[in-house]
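Report on the following structure.
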Amino acid sequence: MTPDPSRKARLARFIEQVWDQGDEEAVDLHVADAYVVRHDPGDLWEGQTLDRAGFKDRLRKSRAAFPDQAFDIQALFEDGDAVVMTWLWSATHLGDLPGFPATGATIRMSGATVYAFDADDRLTGHWQITDRLGVYQQLLAGGREHGNS
(Lines give C-alpha, C1' and ligand atoms only; values in the text may rest on other atoms or scores of the structure.)
Protein backbone atom coordinates (compact mmCIF):
# COMPACT_ATOMS: atom_id res chain seq x y z
CA MET A 1 0.00 0.00 0.00
CA THR A 2 1.29 3.45 -0.86
CA PRO A 3 0.99 5.71 2.18
CA ASP A 4 -1.48 8.56 1.85
CA PRO A 5 0.28 11.94 1.86
CA SER A 6 -2.32 13.27 4.29
CA ARG A 7 -3.43 11.24 7.25
CA LYS A 8 -5.96 13.97 8.04
CA ALA A 9 -7.59 13.46 4.62
CA ARG A 10 -7.48 9.68 5.08
CA LEU A 11 -9.16 9.97 8.49
CA ALA A 12 -11.86 12.25 7.09
CA ARG A 13 -12.58 9.64 4.36
CA PHE A 14 -12.71 6.88 7.00
CA ILE A 15 -15.22 8.82 9.09
CA GLU A 16 -17.42 9.57 6.09
CA GLN A 17 -17.30 6.12 4.50
CA VAL A 18 -17.33 3.94 7.61
CA TRP A 19 -19.16 5.81 10.36
CA ASP A 20 -21.43 8.16 8.37
CA GLN A 21 -22.30 5.80 5.51
CA GLY A 22 -21.85 2.46 7.31
CA ASP A 23 -19.71 1.05 4.47
CA GLU A 24 -18.27 -2.18 5.90
CA GLU A 25 -16.08 -2.77 2.83
CA ALA A 26 -14.31 0.53 3.53
CA VAL A 27 -13.14 -0.93 6.86
CA ASP A 28 -10.75 -3.14 4.86
CA LEU A 29 -9.21 -0.03 3.28
CA HIS A 30 -8.75 1.96 6.47
CA VAL A 31 -8.33 -0.39 9.45
CA ALA A 32 -5.18 -2.37 10.29
CA ASP A 33 -5.25 -6.09 11.13
CA ALA A 34 -5.54 -5.17 14.82
CA TYR A 35 -7.49 -2.14 16.13
CA VAL A 36 -7.26 -1.29 19.85
CA VAL A 37 -9.96 0.67 21.66
CA ARG A 38 -7.49 2.12 24.16
CA HIS A 39 -9.70 4.51 26.12
CA ASP A 40 -13.38 5.08 25.42
CA PRO A 41 -15.42 5.16 28.66
CA GLY A 42 -18.90 3.80 28.12
CA ASP A 43 -18.00 2.05 24.86
CA LEU A 44 -18.76 -1.69 24.99
CA TRP A 45 -15.45 -2.39 23.25
CA GLU A 46 -13.21 -0.33 25.57
CA GLY A 47 -9.90 -2.09 26.16
CA GLN A 48 -10.48 -4.63 23.40
CA THR A 49 -8.35 -5.43 20.38
CA LEU A 50 -10.48 -6.04 17.30
CA ASP A 51 -9.62 -7.69 14.00
CA ARG A 52 -11.39 -6.32 10.92
CA ALA A 53 -14.34 -8.69 11.35
CA GLY A 54 -14.68 -7.51 14.96
CA PHE A 55 -14.49 -3.89 13.85
CA LYS A 56 -17.26 -4.50 11.29
CA ASP A 57 -19.39 -6.09 14.02
CA ARG A 58 -18.78 -3.02 16.21
CA LEU A 59 -19.79 -0.78 13.30
CA ARG A 60 -23.06 -2.68 12.70
CA LYS A 61 -24.00 -2.73 16.38
CA SER A 62 -23.02 0.92 16.95
CA ARG A 63 -25.06 2.14 13.98
CA ALA A 64 -28.13 -0.08 14.57
CA ALA A 65 -29.94 2.41 16.82
CA PHE A 66 -28.69 5.46 14.88
CA PRO A 67 -28.54 4.49 11.17
CA ASP A 68 -28.51 8.11 9.96
CA GLN A 69 -25.65 9.20 12.20
CA ALA A 70 -23.28 11.85 10.91
CA PHE A 71 -20.05 13.31 12.22
CA ASP A 72 -19.31 16.97 11.65
CA ILE A 73 -15.53 17.21 11.90
CA GLN A 74 -14.59 20.43 13.68
CA ALA A 75 -10.81 20.18 13.49
CA LEU A 76 -8.01 17.74 12.68
CA PHE A 77 -4.52 17.96 14.19
CA GLU A 78 -1.69 15.67 13.08
CA ASP A 79 1.17 14.73 15.40
CA GLY A 80 3.57 11.92 14.54
CA ASP A 81 1.61 8.74 13.88
CA ALA A 82 -1.63 10.17 15.30
CA VAL A 83 -4.42 12.47 14.18
CA VAL A 84 -6.69 14.18 16.70
CA MET A 85 -10.24 14.86 15.58
CA THR A 86 -12.69 17.09 17.40
CA TRP A 87 -16.25 16.47 16.30
CA LEU A 88 -19.96 17.02 16.65
CA TRP A 89 -22.27 14.03 16.10
CA SER A 90 -25.98 13.84 15.48
CA ALA A 91 -28.40 11.03 14.71
CA THR A 92 -32.01 10.01 14.98
CA HIS A 93 -32.76 7.37 17.63
CA LEU A 94 -34.51 4.86 15.34
CA GLY A 95 -33.53 1.55 16.96
CA ASP A 96 -33.74 0.15 20.46
CA LEU A 97 -30.84 0.35 22.91
CA PRO A 98 -30.83 -1.60 26.18
CA GLY A 99 -33.21 0.34 28.42
CA PHE A 100 -34.08 2.85 25.68
CA PRO A 101 -36.73 1.94 23.11
CA ALA A 102 -36.50 3.90 19.86
CA THR A 103 -37.84 7.43 20.35
CA GLY A 104 -37.37 9.08 16.97
CA ALA A 105 -35.58 11.90 18.81
CA THR A 106 -32.53 13.65 17.37
CA ILE A 107 -29.53 12.99 19.61
CA ARG A 108 -26.36 15.08 19.63
CA MET A 109 -22.96 14.78 21.27
CA SER A 110 -19.45 16.11 20.96
CA GLY A 111 -16.05 14.64 21.52
CA ALA A 112 -12.38 14.39 20.73
CA THR A 113 -10.68 11.27 19.41
CA VAL A 114 -7.00 10.49 18.94
CA TYR A 115 -6.57 8.00 16.09
CA ALA A 116 -3.28 6.07 15.70
CA PHE A 117 -1.91 5.02 12.30
CA ASP A 118 0.62 2.38 11.29
CA ALA A 119 3.39 2.77 8.65
CA ASP A 120 0.86 1.87 5.90
CA ASP A 121 -1.50 4.64 7.10
CA ARG A 122 -4.08 2.20 8.42
CA LEU A 123 -5.84 2.89 11.68
CA THR A 124 -4.55 0.87 14.64
CA GLY A 125 -6.82 2.25 17.36
CA HIS A 126 -8.19 5.23 19.19
CA TRP A 127 -8.35 7.07 22.51
CA GLN A 128 -11.57 9.03 22.96
CA ILE A 129 -13.44 11.29 25.31
CA THR A 130 -17.08 12.18 24.68
CA ASP A 131 -20.28 13.25 26.41
CA ARG A 132 -22.13 9.93 26.79
CA LEU A 133 -23.96 11.21 29.88
CA GLY A 134 -25.49 13.91 27.68
CA VAL A 135 -26.60 11.21 25.22
CA TYR A 136 -28.36 9.27 27.99
CA GLN A 137 -30.06 12.44 29.21
CA GLN A 138 -31.30 13.12 25.67
CA LEU A 139 -32.51 9.52 25.33
CA LEU A 140 -34.47 9.83 28.57
CA ALA A 141 -35.97 13.15 27.49
CA GLY A 142 -36.79 11.78 24.02
CA GLY A 143 -38.55 8.80 25.57
CA ARG A 144 -40.69 11.05 27.77
CA GLU A 145 -41.56 13.28 24.82
CA HIS A 146 -42.66 10.25 22.81
CA GLY A 147 -44.63 8.56 25.61
CA ASN A 148 -42.04 5.89 26.43
CA SER A 149 -41.60 6.65 30.13
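Residue numbers start at 1 in each chain; chains themselves are named A, B, ... in the order of the C-alpha coordinates; ligands are numbered from 1 in the order shown.
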Q: Write out as number ranges by chain the residues lying within 12 Å of Arg60 of chain A, counting only C-alpha atoms and excluding same-chain residues fewer than 6 positions away.
A: A: 18-24, 27, 53-54, 66-67
Convert the current residue selection to file output with all heavy atoms, as a short mmCIF file (atom, residue, chain, number, x, y, z; two decimals), in the first residue's frame.
data_model
loop_
_atom_site.label_atom_id
_atom_site.label_comp_id
_atom_site.auth_asym_id
_atom_site.auth_seq_id
_atom_site.Cartn_x
_atom_site.Cartn_y
_atom_site.Cartn_z
N VAL A 18 -17.05 4.99 6.63
CA VAL A 18 -17.33 3.94 7.61
C VAL A 18 -18.42 4.36 8.59
O VAL A 18 -19.46 3.70 8.70
CB VAL A 18 -16.04 3.51 8.33
CG1 VAL A 18 -16.34 2.53 9.46
CG2 VAL A 18 -15.06 2.89 7.32
N TRP A 19 -18.21 5.46 9.30
CA TRP A 19 -19.16 5.81 10.36
C TRP A 19 -20.40 6.53 9.85
O TRP A 19 -21.51 6.26 10.29
CB TRP A 19 -18.45 6.61 11.46
CG TRP A 19 -17.56 5.72 12.25
CD1 TRP A 19 -16.19 5.72 12.26
CD2 TRP A 19 -17.95 4.64 13.10
NE1 TRP A 19 -15.72 4.71 13.06
CE2 TRP A 19 -16.77 4.04 13.59
CE3 TRP A 19 -19.18 4.12 13.49
CZ2 TRP A 19 -16.80 2.95 14.46
CZ3 TRP A 19 -19.20 3.04 14.35
CH2 TRP A 19 -18.02 2.46 14.83
N ASP A 20 -20.25 7.45 8.88
CA ASP A 20 -21.43 8.16 8.37
C ASP A 20 -22.26 7.29 7.43
O ASP A 20 -23.48 7.28 7.51
CB ASP A 20 -21.03 9.45 7.64
CG ASP A 20 -20.46 10.52 8.55
OD1 ASP A 20 -20.48 10.36 9.78
OD2 ASP A 20 -19.97 11.53 8.00
N GLN A 21 -21.59 6.58 6.52
CA GLN A 21 -22.30 5.80 5.51
C GLN A 21 -22.49 4.33 5.89
O GLN A 21 -23.26 3.62 5.25
CB GLN A 21 -21.58 5.90 4.17
CG GLN A 21 -21.52 7.31 3.63
CD GLN A 21 -20.61 7.45 2.41
OE1 GLN A 21 -20.03 6.48 1.91
NE2 GLN A 21 -20.49 8.67 1.92
N GLY A 22 -21.74 3.86 6.89
CA GLY A 22 -21.85 2.46 7.31
C GLY A 22 -21.28 1.47 6.31
O GLY A 22 -21.70 0.31 6.26
N ASP A 23 -20.30 1.89 5.52
CA ASP A 23 -19.71 1.05 4.47
C ASP A 23 -18.71 0.07 5.09
O ASP A 23 -17.56 0.44 5.36
CB ASP A 23 -19.04 1.95 3.44
CG ASP A 23 -18.44 1.19 2.27
OD1 ASP A 23 -18.41 -0.07 2.29
OD2 ASP A 23 -17.97 1.85 1.32
N GLU A 24 -19.14 -1.17 5.28
CA GLU A 24 -18.27 -2.18 5.90
C GLU A 24 -17.06 -2.51 5.03
O GLU A 24 -16.00 -2.82 5.55
CB GLU A 24 -19.06 -3.45 6.20
CG GLU A 24 -20.05 -3.28 7.33
CD GLU A 24 -20.73 -4.58 7.70
OE1 GLU A 24 -20.06 -5.64 7.65
OE2 GLU A 24 -21.91 -4.52 8.06
N VAL A 27 -13.94 -0.55 5.68
CA VAL A 27 -13.14 -0.93 6.86
C VAL A 27 -11.85 -1.59 6.40
O VAL A 27 -10.77 -1.31 6.93
CB VAL A 27 -13.94 -1.87 7.79
CG1 VAL A 27 -13.04 -2.48 8.87
CG2 VAL A 27 -15.11 -1.12 8.42
N ALA A 53 -12.99 -8.13 11.19
CA ALA A 53 -14.34 -8.69 11.35
C ALA A 53 -14.97 -8.15 12.64
O ALA A 53 -16.15 -7.80 12.67
CB ALA A 53 -14.31 -10.21 11.35
N GLY A 54 -14.19 -8.07 13.70
CA GLY A 54 -14.68 -7.51 14.96
C GLY A 54 -15.01 -6.04 14.84
O GLY A 54 -15.99 -5.56 15.42
N PHE A 66 -28.86 4.12 15.47
CA PHE A 66 -28.69 5.46 14.88
C PHE A 66 -28.22 5.34 13.43
O PHE A 66 -27.12 5.77 13.08
CB PHE A 66 -27.68 6.26 15.69
CG PHE A 66 -28.01 6.39 17.14
CD1 PHE A 66 -27.38 5.60 18.09
CD2 PHE A 66 -28.97 7.30 17.56
CE1 PHE A 66 -27.68 5.72 19.44
CE2 PHE A 66 -29.29 7.43 18.91
CZ PHE A 66 -28.65 6.64 19.85
N PRO A 67 -29.02 4.76 12.53
CA PRO A 67 -28.54 4.49 11.17
C PRO A 67 -28.25 5.73 10.33
O PRO A 67 -27.51 5.64 9.36
CB PRO A 67 -29.68 3.67 10.55
CG PRO A 67 -30.88 4.01 11.36
CD PRO A 67 -30.37 4.29 12.75
#
Q: Could you pull out the residues in segment 64-140 of chain A that DSSP calls alpha helix (DSSP H) from the backbone, as a ChimeraX atom specification?
A: /A:64,132-140
Restricted to all heavy atoms, what would the selected residues look like written as a PDB file, in the first residue's frame?
ATOM      1  N   ALA A  64     -26.785   0.510  14.619  1.00  0.00           N
ATOM      2  CA  ALA A  64     -28.133  -0.082  14.573  1.00  0.00           C
ATOM      3  C   ALA A  64     -29.207   0.866  15.120  1.00  0.00           C
ATOM      4  O   ALA A  64     -30.272   1.005  14.520  1.00  0.00           O
ATOM      5  CB  ALA A  64     -28.154  -1.404  15.325  1.00  0.00           C
ATOM      6  N   ARG A 132     -21.105  10.977  26.798  1.00  0.00           N
ATOM      7  CA  ARG A 132     -22.126   9.929  26.787  1.00  0.00           C
ATOM      8  C   ARG A 132     -23.224  10.202  27.801  1.00  0.00           C
ATOM      9  O   ARG A 132     -24.375   9.836  27.566  1.00  0.00           O
ATOM     10  CB  ARG A 132     -21.479   8.569  27.019  1.00  0.00           C
ATOM     11  CG  ARG A 132     -20.751   8.093  25.781  1.00  0.00           C
ATOM     12  CD  ARG A 132     -20.673   6.572  25.702  1.00  0.00           C
ATOM     13  NE  ARG A 132     -20.167   6.184  24.414  1.00  0.00           N
ATOM     14  CZ  ARG A 132     -18.875   6.153  24.083  1.00  0.00           C
ATOM     15  NH1 ARG A 132     -17.965   6.524  24.958  1.00  0.00           N
ATOM     16  NH2 ARG A 132     -18.500   5.775  22.892  1.00  0.00           N
ATOM     17  N   LEU A 133     -22.914  10.857  28.912  1.00  0.00           N
ATOM     18  CA  LEU A 133     -23.964  11.206  29.880  1.00  0.00           C
ATOM     19  C   LEU A 133     -25.013  12.091  29.205  1.00  0.00           C
ATOM     20  O   LEU A 133     -26.216  11.888  29.377  1.00  0.00           O
ATOM     21  CB  LEU A 133     -23.377  11.920  31.098  1.00  0.00           C
ATOM     22  CG  LEU A 133     -24.407  12.413  32.126  1.00  0.00           C
ATOM     23  CD1 LEU A 133     -25.250  11.258  32.656  1.00  0.00           C
ATOM     24  CD2 LEU A 133     -23.711  13.152  33.256  1.00  0.00           C
ATOM     25  N   GLY A 134     -24.564  13.051  28.406  1.00  0.00           N
ATOM     26  CA  GLY A 134     -25.494  13.908  27.682  1.00  0.00           C
ATOM     27  C   GLY A 134     -26.373  13.118  26.724  1.00  0.00           C
ATOM     28  O   GLY A 134     -27.556  13.424  26.548  1.00  0.00           O
ATOM     29  N   VAL A 135     -25.809  12.074  26.110  1.00  0.00           N
ATOM     30  CA  VAL A 135     -26.599  11.215  25.217  1.00  0.00           C
ATOM     31  C   VAL A 135     -27.695  10.521  26.015  1.00  0.00           C
ATOM     32  O   VAL A 135     -28.865  10.515  25.610  1.00  0.00           O
ATOM     33  CB  VAL A 135     -25.701  10.180  24.503  1.00  0.00           C
ATOM     34  CG1 VAL A 135     -26.535   9.126  23.788  1.00  0.00           C
ATOM     35  CG2 VAL A 135     -24.769  10.881  23.534  1.00  0.00           C
ATOM     36  N   TYR A 136     -27.350   9.951  27.168  1.00  0.00           N
ATOM     37  CA  TYR A 136     -28.359   9.270  27.994  1.00  0.00           C
ATOM     38  C   TYR A 136     -29.445  10.234  28.455  1.00  0.00           C
ATOM     39  O   TYR A 136     -30.626   9.888  28.478  1.00  0.00           O
ATOM     40  CB  TYR A 136     -27.702   8.560  29.185  1.00  0.00           C
ATOM     41  CG  TYR A 136     -26.886   7.370  28.752  1.00  0.00           C
ATOM     42  CD1 TYR A 136     -25.529   7.282  29.049  1.00  0.00           C
ATOM     43  CD2 TYR A 136     -27.461   6.328  28.023  1.00  0.00           C
ATOM     44  CE1 TYR A 136     -24.783   6.193  28.632  1.00  0.00           C
ATOM     45  CE2 TYR A 136     -26.713   5.243  27.613  1.00  0.00           C
ATOM     46  CZ  TYR A 136     -25.384   5.178  27.920  1.00  0.00           C
ATOM     47  OH  TYR A 136     -24.637   4.109  27.504  1.00  0.00           O
ATOM     48  N   GLN A 137     -29.064  11.448  28.809  1.00  0.00           N
ATOM     49  CA  GLN A 137     -30.059  12.444  29.212  1.00  0.00           C
ATOM     50  C   GLN A 137     -31.006  12.756  28.051  1.00  0.00           C
ATOM     51  O   GLN A 137     -32.215  12.878  28.245  1.00  0.00           O
ATOM     52  CB  GLN A 137     -29.363  13.712  29.703  1.00  0.00           C
ATOM     53  CG  GLN A 137     -28.650  13.515  31.016  1.00  0.00           C
ATOM     54  CD  GLN A 137     -27.743  14.672  31.398  1.00  0.00           C
ATOM     55  OE1 GLN A 137     -27.231  15.394  30.535  1.00  0.00           O
ATOM     56  NE2 GLN A 137     -27.526  14.843  32.692  1.00  0.00           N
ATOM     57  N   GLN A 138     -30.467  12.867  26.843  1.00  0.00           N
ATOM     58  CA  GLN A 138     -31.301  13.117  25.666  1.00  0.00           C
ATOM     59  C   GLN A 138     -32.201  11.922  25.362  1.00  0.00           C
ATOM     60  O   GLN A 138     -33.368  12.091  24.968  1.00  0.00           O
ATOM     61  CB  GLN A 138     -30.431  13.431  24.447  1.00  0.00           C
ATOM     62  CG  GLN A 138     -29.701  14.754  24.543  1.00  0.00           C
ATOM     63  CD  GLN A 138     -28.716  14.904  23.414  1.00  0.00           C
ATOM     64  OE1 GLN A 138     -29.130  15.104  22.276  1.00  0.00           O
ATOM     65  NE2 GLN A 138     -27.425  14.789  23.722  1.00  0.00           N
ATOM     66  N   LEU A 139     -31.689  10.705  25.548  1.00  0.00           N
ATOM     67  CA  LEU A 139     -32.506   9.516  25.326  1.00  0.00           C
ATOM     68  C   LEU A 139     -33.673   9.464  26.314  1.00  0.00           C
ATOM     69  O   LEU A 139     -34.801   9.150  25.927  1.00  0.00           O
ATOM     70  CB  LEU A 139     -31.655   8.248  25.442  1.00  0.00           C
ATOM     71  CG  LEU A 139     -30.646   8.009  24.329  1.00  0.00           C
ATOM     72  CD1 LEU A 139     -29.699   6.872  24.688  1.00  0.00           C
ATOM     73  CD2 LEU A 139     -31.348   7.733  22.998  1.00  0.00           C
ATOM     74  N   LEU A 140     -33.395   9.796  27.561  1.00  0.00           N
ATOM     75  CA  LEU A 140     -34.467   9.830  28.567  1.00  0.00           C
ATOM     76  C   LEU A 140     -35.509  10.884  28.216  1.00  0.00           C
ATOM     77  O   LEU A 140     -36.714  10.632  28.269  1.00  0.00           O
ATOM     78  CB  LEU A 140     -33.889  10.106  29.960  1.00  0.00           C
ATOM     79  CG  LEU A 140     -33.147   8.956  30.616  1.00  0.00           C
ATOM     80  CD1 LEU A 140     -32.423   9.442  31.864  1.00  0.00           C
ATOM     81  CD2 LEU A 140     -34.103   7.820  30.951  1.00  0.00           C
TER      82      LEU A 140
END
Q: Apply DSSP to the structure's backbone, then extract all residues of chain A labelled strand (DSSP E) and return them as a PyMOL selection string.
A: chain A and resi 31-39+49-50+70-79+82-92+106-117+123-130
Q: Tell me which protein, DNA and RNA residues are within 10 Å of Ala102 of chain A, counting only C-alpha atoms, leaving out same-chain ones fewer than 2 positions away, and put them as a VMD selection string.
A: chain A and resid 65 to 66 92 to 97 99 to 100 104 to 105 139 142 to 143 146 148
**Q.** Shell of 12 Å around His126 of chain A, only C-alpha atoms, local chain residues under 3 positions omitted, as an MDAnalysis selection string
**A.** chainID A and resid 11 31 34:41 43 45:50 81:85 112:117 122:123 129
Q) What does the distance from atom CA of Asp79 of chain A to atom CA of Arg10 of chain A come to in Å, to one decimal? A)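 About the pair atom CA of Asp79 of chain A and atom CA of Arg10 of chain A: they are 14.4 Å apart.
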(Q) My list of candidates is A:Thr124, A:Ser110, A:Thr130, A:Thr86. Which is closest to His30 of chain A when distances are computed with only C-alpha atoms? (A)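 Between A:Thr124, A:Ser110, A:Thr130, A:Thr86, the residue approaching His30 of chain A most closely is A:Thr124.
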Q) To one decimal place, how far is atom CA of Lys61 of chain A from atom CA of Ala12 of chain A in Å? A) 21.4 Å
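Shortest separation to Gly111 of chain A among A:Ala26, A:Ala9, A:Ile73, A:Leu44 occurs at residue A:Ile73, atoms counted being only C-alpha atoms.
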Q.
Please report the interatomic distance between atom CA of Trp89 of chain A and atom CA of Ile15 of chain A in Å with one decimal.
A. 11.2 Å
(Q) Here is a test: counting only C-alpha atoms, which residue of A:Lys56, A:Ala75, A:Met109, A:Asp121 is nearest to Ser6 of chain A? (A)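 Among the listed residues, A:Asp121 lies closest to Ser6 of chain A.
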